[in-house]
>>> print(open('work29.pdb').read())   # PDB, C-alpha atoms
ATOM      1  CA  PRO M   1     -64.453 -22.052 -10.875
ATOM      2  CA  LEU M   2     -65.265 -21.022 -14.406
ATOM      3  CA  PRO M   3     -68.103 -18.566 -15.013
ATOM      4  CA  SER M   4     -71.455 -20.093 -15.909
ATOM      5  CA  PHE M   5     -71.361 -18.935 -19.532
ATOM      6  CA  VAL M   6     -68.293 -21.032 -20.357
ATOM      7  CA  SER M   7     -69.382 -23.956 -22.518
ATOM      8  CA  ALA M   8     -66.154 -24.739 -24.323
ATOM      9  CA  ARG M   9     -62.761 -26.203 -23.649
ATOM     10  CA  VAL M  10     -59.276 -25.437 -24.931
ATOM     11  CA  LEU M  11     -57.850 -28.667 -26.298
ATOM     12  CA  HIS M  12     -54.546 -27.424 -27.627
ATOM     13  CA  LYS M  13     -52.146 -24.920 -26.197
ATOM     14  CA  PRO M  14     -51.441 -22.027 -28.573
ATOM     15  CA  LEU M  15     -48.492 -22.366 -30.903
ATOM     16  CA  ALA M  16     -45.609 -20.057 -30.185
ATOM     17  CA  ARG M  17     -46.908 -16.524 -30.521
ATOM     18  CA  PRO M  18     -44.702 -13.867 -32.158
ATOM     19  CA  PRO M  19     -43.619 -11.274 -29.574
ATOM     20  CA  SER M  20     -44.998  -8.453 -31.736
ATOM     21  CA  ARG M  21     -48.585  -9.703 -31.568
ATOM     22  CA  PRO M  22     -50.606  -7.392 -29.311
ATOM     23  CA  ALA M  23     -51.872  -9.242 -26.253
ATOM     24  CA  ALA M  24     -55.111  -7.259 -26.491
ATOM     25  CA  HIS M  25     -56.153  -9.421 -29.443
ATOM     26  CA  LEU M  26     -56.623 -12.362 -27.127
ATOM     27  CA  ARG M  27     -59.279 -10.542 -25.155
ATOM     28  CA  LEU M  28     -61.819 -11.780 -27.705
ATOM     29  CA  LEU M  29     -62.263 -14.959 -25.666
ATOM     30  CA  ARG M  30     -64.331 -14.848 -22.510
ATOM     31  CA  TRP M  31     -61.852 -16.895 -20.493
ATOM     32  CA  PRO M  32     -58.024 -17.353 -20.415
ATOM     33  CA  LEU M  33     -56.693 -19.688 -23.084
ATOM     34  CA  SER M  34     -54.649 -21.501 -20.446
ATOM     35  CA  ILE M  35     -57.792 -22.988 -18.862
ATOM     36  CA  ALA M  36     -58.076 -26.668 -19.711
ATOM     37  CA  ALA M  37     -61.125 -27.699 -17.675
ATOM     38  CA  HIS M  38     -64.685 -26.862 -18.558
ATOM     39  CA  SER M  39     -68.008 -26.476 -16.841
ATOM     40  CA  PRO M  40     -71.010 -28.662 -17.684
ATOM     41  CA  SER M  41     -71.953 -27.863 -21.245
ATOM     42  CA  VAL M  42     -74.952 -25.649 -21.803
ATOM     43  CA  ALA M  43     -74.405 -25.431 -25.542
ATOM     44  CA  TYR M  44     -76.727 -28.187 -26.648
ATOM     45  CA  ARG M  45     -80.349 -27.703 -25.672
ATOM     46  CA  SER M  46     -83.411 -29.253 -27.234
ATOM     47  CA  ALA M  47     -83.969 -28.847 -30.949
ATOM     48  CA  SER M  48     -87.214 -27.030 -30.277
ATOM     49  CA  SER M  49     -85.529 -24.311 -28.222
ATOM     50  CA  LEU M  50     -82.411 -23.686 -30.292
ATOM     51  CA  HIS M  51     -83.247 -24.771 -33.803
ATOM     52  CA  ALA M  52     -86.498 -22.922 -34.389
ATOM     53  CA  ARG M  53     -86.548 -20.878 -37.576
ATOM     54  CA  ILE M  54     -85.968 -17.185 -36.902
ATOM     55  CA  PRO M  55     -88.881 -15.231 -38.439
ATOM     56  CA  VAL M  56     -87.891 -13.011 -41.328
ATOM     57  CA  PRO M  57     -89.129  -9.424 -40.975
ATOM     58  CA  GLU M  58     -91.702  -8.155 -43.443
ATOM     59  CA  ILE M  59     -89.362  -6.614 -45.977
ATOM     60  CA  THR M  60     -88.956  -6.787 -49.712
ATOM     61  CA  MET M  61     -86.171  -9.173 -50.675
ATOM     62  CA  ALA M  62     -84.259  -8.024 -53.719
ATOM     63  CA  LYS M  63     -82.550 -10.826 -55.590
ATOM     64  CA  LEU M  64     -78.821 -10.779 -55.034
ATOM     65  CA  PRO M  65     -76.868  -9.810 -58.161
ATOM     66  CA  PRO M  66     -74.599 -12.521 -59.558
ATOM     67  CA  PRO M  67     -70.966 -12.569 -58.421
ATOM     68  CA  PRO M  68     -68.227 -11.208 -60.657
ATOM     69  CA  PRO M  69     -66.744 -13.721 -63.113
ATOM     70  CA  PRO M  70     -63.702 -15.554 -61.714
ATOM     71  CA  ARG M  71     -60.305 -14.364 -62.816
ATOM     72  CA  ALA M  72     -58.020 -16.714 -64.699
ATOM     73  CA  ASP M  73     -55.645 -16.751 -61.706
ATOM     74  CA  SER M  74     -58.377 -17.121 -59.072
ATOM     75  CA  ARG M  75     -57.529 -20.669 -57.949
ATOM     76  CA  CYS M  76     -55.877 -20.379 -54.558
ATOM     77  CA  PRO M  77     -52.939 -22.620 -53.579
ATOM     78  CA  LEU M  78     -53.853 -24.972 -50.759
ATOM     79  CA  PRO M  79     -51.907 -25.386 -47.524
ATOM     80  CA  SER M  80     -50.109 -28.659 -47.007
ATOM     81  CA  LEU M  81     -52.417 -31.403 -45.724
ATOM     82  CA  VAL M  82     -50.176 -34.444 -46.177
ATOM     83  CA  HIS M  83     -50.064 -34.957 -42.407
ATOM     84  CA  LEU M  84     -53.827 -35.703 -42.429
ATOM     85  CA  GLN M  85     -53.973 -38.249 -45.242
ATOM     86  CA  GLY M  86     -56.083 -41.263 -44.301
ATOM     87  CA  ASP M  87     -57.591 -39.519 -41.250
ATOM     88  CA  TRP M  88     -60.951 -38.513 -42.738
ATOM     89  CA  ALA M  89     -63.242 -40.855 -40.809
ATOM     90  CA  ASN M  90     -63.724 -38.266 -38.063
ATOM     91  CA  VAL M  91     -62.842 -34.974 -39.791
ATOM     92  CA  TYR M  92     -64.465 -33.357 -42.825
ATOM     93  CA  GLU M  93     -62.167 -33.780 -45.809
ATOM     94  CA  PRO M  94     -61.524 -30.615 -47.857
ATOM     95  CA  SER M  95     -63.724 -30.651 -50.938
ATOM     96  CA  ASP M  96     -65.279 -28.344 -53.532
ATOM     97  CA  ASP M  97     -66.836 -26.123 -50.872
ATOM     98  CA  THR M  98     -63.480 -25.701 -49.119
ATOM     99  CA  TYR M  99     -61.770 -24.786 -52.375
ATOM    100  CA  LEU M 100     -64.467 -22.298 -53.363
ATOM    101  CA  LEU M 101     -64.239 -20.498 -50.020
ATOM    102  CA  LEU M 102     -60.458 -20.210 -50.283
ATOM    103  CA  ASP M 103     -60.694 -19.013 -53.901
ATOM    104  CA  ALA M 104     -63.243 -16.395 -52.861
ATOM    105  CA  LEU M 105     -61.039 -15.200 -49.994
ATOM    106  CA  ALA M 106     -58.019 -14.945 -52.280
ATOM    107  CA  ALA M 107     -60.021 -12.920 -54.801
ATOM    108  CA  ASP M 108     -61.281 -10.686 -51.963
ATOM    109  CA  LEU M 109     -57.828  -9.757 -50.686
ATOM    110  CA  ALA M 110     -58.410  -6.008 -51.064
ATOM    111  CA  VAL M 111     -61.460  -6.193 -48.778
ATOM    112  CA  LEU M 112     -59.590  -8.313 -46.261
ATOM    113  CA  ARG M 113     -56.685  -5.892 -46.155
ATOM    114  CA  ALA M 114     -59.055  -2.939 -45.741
ATOM    115  CA  ALA M 115     -60.600  -4.681 -42.719
ATOM    116  CA  LEU M 116     -57.209  -4.383 -40.951
ATOM    117  CA  PRO M 117     -57.841  -7.725 -39.288
ATOM    118  CA  GLY M 118     -56.704  -7.891 -35.680
ATOM    119  CA  VAL M 119     -58.812 -10.989 -34.964
ATOM    120  CA  VAL M 120     -59.676 -13.636 -37.567
ATOM    121  CA  LEU M 121     -62.038 -16.392 -36.425
ATOM    122  CA  GLU M 122     -63.216 -19.506 -38.235
ATOM    123  CA  LEU M 123     -66.212 -21.417 -36.942
ATOM    124  CA  GLY M 124     -66.242 -25.157 -37.604
ATOM    125  CA  SER M 125     -62.643 -25.336 -38.790
ATOM    126  CA  GLY M 126     -62.599 -29.074 -39.566
ATOM    127  CA  SER M 127     -59.215 -29.905 -41.085
ATOM    128  CA  GLY M 128     -57.920 -26.356 -40.590
ATOM    129  CA  CYS M 129     -57.503 -25.918 -44.343
ATOM    130  CA  VAL M 130     -59.465 -22.649 -44.598
ATOM    131  CA  ILE M 131     -58.058 -20.720 -41.624
ATOM    132  CA  THR M 132     -54.519 -21.839 -42.467
ATOM    133  CA  GLY M 133     -55.059 -21.025 -46.132
ATOM    134  CA  LEU M 134     -56.356 -17.571 -45.245
ATOM    135  CA  ALA M 135     -53.264 -16.901 -43.141
ATOM    136  CA  GLN M 136     -51.177 -17.738 -46.212
ATOM    137  CA  ILE M 137     -53.366 -15.514 -48.432
ATOM    138  CA  LEU M 138     -52.867 -12.592 -46.052
ATOM    139  CA  ALA M 139     -49.121 -13.217 -45.885
ATOM    140  CA  ARG M 140     -48.857 -13.260 -49.688
ATOM    141  CA  GLY M 141     -50.837 -10.015 -49.703
ATOM    142  CA  GLY M 142     -48.430  -8.291 -47.358
ATOM    143  CA  VAL M 143     -50.360  -8.744 -44.098
ATOM    144  CA  PRO M 144     -47.859 -10.241 -41.605
ATOM    145  CA  ALA M 145     -49.022 -13.116 -39.432
ATOM    146  CA  ALA M 146     -47.981 -11.226 -36.324
ATOM    147  CA  SER M 147     -50.554  -8.497 -37.000
ATOM    148  CA  ALA M 148     -53.607 -10.720 -36.495
ATOM    149  CA  ALA M 149     -54.713 -13.240 -33.909
ATOM    150  CA  LEU M 150     -55.995 -16.344 -35.707
ATOM    151  CA  VAL M 151     -58.556 -18.442 -33.842
ATOM    152  CA  ALA M 152     -60.317 -21.634 -34.964
ATOM    153  CA  THR M 153     -63.219 -23.313 -33.188
ATOM    154  CA  ASP M 154     -64.973 -26.635 -33.673
ATOM    155  CA  LEU M 155     -67.110 -28.812 -31.422
ATOM    156  CA  ASN M 156     -65.480 -32.004 -32.805
ATOM    157  CA  ALA M 157     -62.363 -32.964 -30.814
ATOM    158  CA  SER M 158     -60.833 -34.725 -33.836
ATOM    159  CA  ALA M 159     -61.272 -31.534 -35.866
ATOM    160  CA  ASN M 160     -59.564 -29.511 -33.122
ATOM    161  CA  ALA M 161     -56.553 -31.835 -33.325
ATOM    162  CA  ALA M 162     -56.519 -31.747 -37.147
ATOM    163  CA  THR M 163     -56.703 -27.946 -37.247
ATOM    164  CA  ALA M 164     -53.825 -27.597 -34.792
ATOM    165  CA  ALA M 165     -51.756 -30.083 -36.817
ATOM    166  CA  THR M 166     -52.460 -28.271 -40.106
ATOM    167  CA  ALA M 167     -51.451 -24.912 -38.655
ATOM    168  CA  ALA M 168     -48.257 -26.382 -37.219
ATOM    169  CA  ALA M 169     -47.387 -28.174 -40.469
ATOM    170  CA  ASN M 170     -47.694 -24.865 -42.339
ATOM    171  CA  SER M 171     -45.960 -22.716 -39.672
ATOM    172  CA  VAL M 172     -49.096 -20.676 -38.982
ATOM    173  CA  PRO M 173     -49.621 -19.408 -35.398
ATOM    174  CA  LEU M 174     -53.152 -20.337 -34.415
ATOM    175  CA  GLU M 175     -55.320 -20.698 -31.309
ATOM    176  CA  VAL M 176     -57.553 -23.793 -31.386
ATOM    177  CA  VAL M 177     -60.618 -23.812 -29.148
ATOM    178  CA  ARG M 178     -63.370 -26.362 -28.683
ATOM    179  CA  ALA M 179     -66.528 -24.274 -28.718
ATOM    180  CA  ASP M 180     -70.081 -24.064 -30.000
ATOM    181  CA  LEU M 181     -70.496 -21.189 -32.468
ATOM    182  CA  LEU M 182     -69.842 -17.770 -30.895
ATOM    183  CA  GLY M 183     -70.703 -18.555 -27.279
ATOM    184  CA  ALA M 184     -67.121 -17.997 -26.133
ATOM    185  CA  VAL M 185     -66.448 -14.738 -27.987
ATOM    186  CA  ARG M 186     -66.548 -11.236 -26.567
ATOM    187  CA  PRO M 187     -68.790  -8.718 -28.357
ATOM    188  CA  GLY M 188     -67.264  -6.395 -30.935
ATOM    189  CA  THR M 189     -63.948  -8.212 -31.269
ATOM    190  CA  VAL M 190     -64.017 -10.195 -34.525
ATOM    191  CA  ASP M 191     -62.744  -8.434 -37.659
ATOM    192  CA  VAL M 192     -62.983 -11.377 -40.081
ATOM    193  CA  LEU M 193     -65.393 -14.247 -39.463
ATOM    194  CA  LEU M 194     -65.432 -17.382 -41.639
ATOM    195  CA  PHE M 195     -68.041 -20.123 -41.665
ATOM    196  CA  ASN M 196     -68.503 -23.146 -43.890
ATOM    197  CA  PRO M 197     -71.493 -24.465 -41.945
ATOM    198  CA  PRO M 198     -73.345 -27.764 -42.087
ATOM    199  CA  TYR M 199     -75.507 -26.739 -45.041
ATOM    200  CA  VAL M 200     -76.912 -30.014 -46.423
ATOM    201  CA  PRO M 201     -80.713 -30.138 -45.994
ATOM    202  CA  THR M 202     -81.619 -32.981 -43.623
ATOM    203  CA  SER M 203     -84.232 -33.702 -40.990
ATOM    204  CA  GLU M 204     -84.063 -31.584 -37.848
ATOM    205  CA  GLU M 205     -83.470 -34.736 -35.811
ATOM    206  CA  GLU M 206     -80.400 -35.670 -37.874
ATOM    207  CA  ALA M 207     -78.926 -32.195 -37.482
ATOM    208  CA  ALA M 208     -79.587 -32.113 -33.736
ATOM    209  CA  GLY M 209     -78.015 -35.558 -33.351
ATOM    210  CA  GLY M 210     -74.837 -34.491 -35.124
ATOM    211  CA  GLN M 211     -74.480 -31.420 -32.933
ATOM    212  CA  ALA M 212     -75.108 -33.426 -29.762
ATOM    213  CA  GLU M 213     -72.675 -36.208 -30.683
ATOM    214  CA  ARG M 214     -70.039 -33.690 -31.836
ATOM    215  CA  ASP M 215     -68.898 -36.043 -34.588
ATOM    216  CA  ILE M 216     -68.313 -35.712 -38.319
ATOM    217  CA  SER M 217     -72.045 -35.632 -39.113
ATOM    218  CA  ALA M 218     -72.129 -32.212 -37.447
ATOM    219  CA  ALA M 219     -70.004 -30.971 -40.365
ATOM    220  CA  TRP M 220     -72.728 -31.479 -42.975
ATOM    221  CA  ALA M 221     -76.190 -32.169 -41.478
ATOM    222  CA  GLY M 222     -77.956 -28.808 -41.681
ATOM    223  CA  GLY M 223     -81.572 -29.628 -40.865
ATOM    224  CA  PRO M 224     -84.523 -28.209 -42.851
ATOM    225  CA  ASP M 225     -83.214 -26.072 -45.738
ATOM    226  CA  GLY M 226     -79.688 -26.602 -44.332
ATOM    227  CA  ARG M 227     -80.252 -23.602 -42.057
ATOM    228  CA  VAL M 228     -80.432 -24.952 -38.486
ATOM    229  CA  VAL M 229     -76.924 -23.936 -37.429
ATOM    230  CA  VAL M 230     -76.770 -20.758 -39.509
ATOM    231  CA  ASP M 231     -80.053 -19.552 -38.028
ATOM    232  CA  ARG M 232     -78.606 -19.962 -34.540
ATOM    233  CA  LEU M 233     -75.637 -17.797 -35.479
ATOM    234  CA  LEU M 234     -77.371 -14.875 -37.184
ATOM    235  CA  PRO M 235     -78.922 -13.140 -34.138
ATOM    236  CA  ASP M 236     -75.443 -12.651 -32.588
ATOM    237  CA  LEU M 237     -73.651 -11.671 -35.779
ATOM    238  CA  GLY M 238     -73.865  -7.891 -35.553
ATOM    239  CA  ARG M 239     -73.064  -7.834 -31.855
ATOM    240  CA  LEU M 240     -69.885  -9.879 -32.164
ATOM    241  CA  LEU M 241     -68.319  -8.347 -35.265
ATOM    242  CA  SER M 242     -66.159  -5.268 -34.859
ATOM    243  CA  ALA M 243     -67.133  -1.968 -36.449
ATOM    244  CA  ARG M 244     -65.127  -2.894 -39.553
ATOM    245  CA  GLY M 245     -65.914  -6.597 -39.357
ATOM    246  CA  VAL M 246     -66.738  -8.763 -42.366
ATOM    247  CA  PHE M 247     -68.384 -12.187 -42.406
ATOM    248  CA  TYR M 248     -67.864 -14.816 -45.116
ATOM    249  CA  LEU M 249     -70.510 -17.537 -45.356
ATOM    250  CA  LEU M 250     -70.541 -20.539 -47.667
ATOM    251  CA  GLY M 251     -73.757 -22.332 -48.568
ATOM    252  CA  VAL M 252     -75.883 -23.933 -51.255
ATOM    253  CA  ARG M 253     -78.873 -22.560 -53.122
ATOM    254  CA  GLU M 254     -81.253 -24.630 -50.970
ATOM    255  CA  ASN M 255     -80.230 -22.392 -48.020
ATOM    256  CA  ARG M 256     -82.149 -19.500 -49.657
ATOM    257  CA  PRO M 257     -79.348 -16.896 -49.852
ATOM    258  CA  ASP M 258     -81.723 -14.056 -50.792
ATOM    259  CA  GLU M 259     -83.607 -14.618 -47.550
ATOM    260  CA  LEU M 260     -80.360 -14.815 -45.576
ATOM    261  CA  ALA M 261     -79.234 -11.480 -47.035
ATOM    262  CA  ALA M 262     -82.551  -9.799 -46.240
ATOM    263  CA  GLN M 263     -82.577 -11.192 -42.721
ATOM    264  CA  VAL M 264     -79.074  -9.972 -41.851
ATOM    265  CA  GLU M 265     -79.785  -6.548 -43.332
ATOM    266  CA  ALA M 266     -82.998  -6.234 -41.319
ATOM    267  CA  GLN M 267     -81.480  -7.458 -38.053
ATOM    268  CA  HIS M 268     -78.041  -5.847 -38.186
ATOM    269  CA  GLY M 269     -78.034  -3.294 -41.010
ATOM    270  CA  MET M 270     -75.310  -5.249 -42.792
ATOM    271  CA  ARG M 271     -74.935  -5.413 -46.554
ATOM    272  CA  ALA M 272     -74.697  -8.800 -48.274
ATOM    273  CA  GLU M 273     -72.884  -9.459 -51.514
ATOM    274  CA  LEU M 274     -72.636 -12.694 -53.467
ATOM    275  CA  ILE M 275     -68.923 -12.896 -54.273
ATOM    276  CA  ALA M 276     -68.527 -16.412 -55.691
ATOM    277  CA  GLU M 277     -70.576 -19.290 -57.090
ATOM    278  CA  ARG M 278     -69.644 -22.714 -58.417
ATOM    279  CA  ARG M 279     -71.463 -25.868 -59.430
ATOM    280  CA  ALA M 280     -70.061 -28.980 -57.781
ATOM    281  CA  GLN M 281     -71.782 -32.179 -58.893
ATOM    282  CA  ASN M 282     -75.429 -31.688 -57.847
ATOM    283  CA  GLU M 283     -74.752 -28.670 -55.591
ATOM    284  CA  ARG M 284     -74.782 -24.990 -56.475
ATOM    285  CA  LEU M 285     -72.349 -23.498 -53.978
ATOM    286  CA  PHE M 286     -72.058 -19.816 -53.130
ATOM    287  CA  VAL M 287     -69.988 -17.517 -50.913
ATOM    288  CA  MET M 288     -71.569 -14.386 -49.451
ATOM    289  CA  ARG M 289     -69.782 -11.479 -47.809
ATOM    290  CA  PHE M 290     -71.588  -9.483 -45.130
ATOM    291  CA  SER M 291     -70.231  -6.085 -44.112
ATOM    292  CA  ARG M 292     -71.461  -2.992 -42.296
ATOM    293  CA  SER M 293     -70.591  -0.635 -45.119
ATOM    294  CA  GLN M 294     -69.577  -0.620 -48.757
ATOM    295  CA  PRO M 295     -66.288  -2.612 -48.825
ATOM    296  CA  ALA M 296     -63.301  -1.751 -50.946
ATOM    297  CA  SER M 297     -63.383  -3.215 -54.425
ATOM    298  CA  ALA M 298     -61.396  -6.423 -54.799
TER
END
>>> encode(input="work29.pdb", output="structure tokens")
Amino acid sequence: PLPSFVSARVLHKPLARPPSRPAAHLRLLRWPLSIAAHSPSVAYRSASSLHARIPVPEITMAKLPPPPPPRADSRCPLPSLVHLQGDWANVYEPSDDTYLLLDALAADLAVLRAALPGVVLELGSGSGCVITGLAQILARGGVPAASAALVATDLNASANAATAATAAANSVPLEVVRADLLGAVRPGTVDVLLFNPPYVPTSEEEAAGGQAERDISAAWAGGPDGRVVVDRLLPDLGRLLSARGVFYLLGVRENRPDELAAQVEAQHGMRAELIAERRAQNERLFVMRFSRSQPASA
């Protein structure tokens, strides 16, 4: 029987893994990737118990400085997604937020290389565009695919299938796991963590419903201030990142990024930096990087 803390299921067997990849990388998961069954889910409790706002400590919040201006060559090539055309009823279609996150990662290549990523994890992978695109960014930057274990999680079964298909179509070795946030990850194992969360401000009931149904609404319904899911993640952030780990978070201005930065610094001693911003229709998108120490300059 599976241990009681298992609340996720592997839906896709790993793609062929290069022989040179260290098996130790796969110890980040709390159960073998070959397990296909799952125990009764404990991931989705009542909104009142899981979605309560985490109090922000009494600290002075300095306004985050603006990100550096984008370079002329900062637009990142996208991975091939032709295999997913017409399949967006159940999976979040890549949009301006997806493109901004990839552009920010491409511009931050020096920091990513300095992190020496052994484990790269994306939460809420959707179509698989970001995690696959990051693998291509690292490869173009001289980081071989065999040097890092790439893992993508999502609670939407259709997104799991789409992510696996995108990785396969772009020849990227990737583990795809159905999981809720970081509940299936061992402490201190993640070197690069990516999250484009459900950030759209909605009612708490709408956000809780999307998470419970595990459908496409879970990709965008973020509850009050668009922070319900992010606020669940933050308490575990410092414990799960490695000593050199970095965390990339996408959001909108309504998510109160200054408060997010102050909260993570107070809870985990991590430094936040606004590395990219872009206006997309009526949204002001941003990407923040959280790290334990001063990262290398991009």
>>> resolve_selection(input="work29.pdb", expression="the PyMOL selection byres ((chain M and resi 80-88) around 8)", output="compact mmCIF listing (two decimals) with C-alpha atoms, keeping the file's coordinate frame")
# COMPACT_ATOMS: atom_id res chain seq x y z
CA LEU M 78 -53.85 -24.97 -50.76
CA PRO M 79 -51.91 -25.39 -47.52
CA ALA M 89 -63.24 -40.85 -40.81
CA ASN M 90 -63.72 -38.27 -38.06
CA VAL M 91 -62.84 -34.97 -39.79
CA TYR M 92 -64.46 -33.36 -42.82
CA GLU M 93 -62.17 -33.78 -45.81
CA CYS M 129 -57.50 -25.92 -44.34
CA ALA M 162 -56.52 -31.75 -37.15
CA ALA M 165 -51.76 -30.08 -36.82
CA THR M 166 -52.46 -28.27 -40.11
CA ALA M 169 -47.39 -28.17 -40.47
CA ASN M 170 -47.69 -24.86 -42.34
>>> atom_distance(input="work29.pdb", atom1="CA of Gly128 in chain M", atom2="CA of Ala261 in chain M")
26.8 Å
>>> closest_residue(input="work29.pdb", among="M:Leu116, M:Leu100, M:Leu240, M:Asp154", to="Gly133 in chain M", atoms="only C-alpha atoms")
M:Leu100
>>> closest_residue(input="work29.pdb", among="M:Ser242, M:Gln281, M:Asn196, M:Ser291", to="Val264 in chain M", atoms="only C-alpha atoms")
M:Ser291
>>> closest_residue(input="work29.pdb", among="M:Gly124, M:Pro94, M:Val130, M:Leu193", to="Ala159 in chain M", atoms="all atoms listed in the file")
M:Gly124
